[in-house]
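Chemist: This is the structure I want to talk about, given as structure tokens.
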Amino acid sequence: MLVGPLDGASPAFGGNLFAAPYRNIRNANILLGAVDKVGWPLHIQKSAVQGFAKTIQALDYLNVINTRGRISERP
């Protein structure tokens with residue numbers, strides 16, 4: 001990024017930076033919707049899958065916030 005020109009579609013900069021995290025979030029939403037339709041032998045298995053999907057979503061949301069969030073100035 002120090003040597004130009006900047007490519008807005010590159011994975012390191014620009015709008016393409018949102019593609020992978022939001023794709024993961026969407027896939028986790030699909031997984032969470034499908035979890036209720038599967039007959040799980042144990043309730044803990046269902047909870048584990050839901051917890052994993054929500055953790056991945058949180059990690060991707062945090063990645064988007066950290067790369068695009070406003071940086072506050074220190075006093």
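Residue names in the structure tokens use chain letters A, B, ... in the order shown, residue numbers from 1 in each chain, and ligand numbers from 1 in the order shown.
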Skip A:Ile25 itself and residues of its chain fewer than 5 positions away, then list as a ChimeraX atom specification all residues within 10 Å of it, counting only C-alpha atoms.
Modeler: /A:20,30-31,53-54,56-61
Chemist: May I ask for the distance between atom CA of A:Leu32 and atom CA of A:Gln50, given in Å to one decimal place?
Modeler: 6.2 Å
Chemist: Run DSSP on the backbone and grab whatever in stretch 17-61 of chain A lands in helix (DSSP H, G or I); send it over as a PyMOL selection string.
Modeler: chain A and resi 17-35+43-61
Chemist: Report the distance between atom CA of A:Val35 and atom CA of A:Val49 in Å, rounded to one decimal place.
Modeler: 7.7 Å
Chemist: Nearest residue to A:Thr55 out of A:Ala34, A:Leu42, A:Ala28, A:Ala19, using only C-alpha atoms?
Modeler: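 The closest residue to A:Thr55 is A:Ala28.
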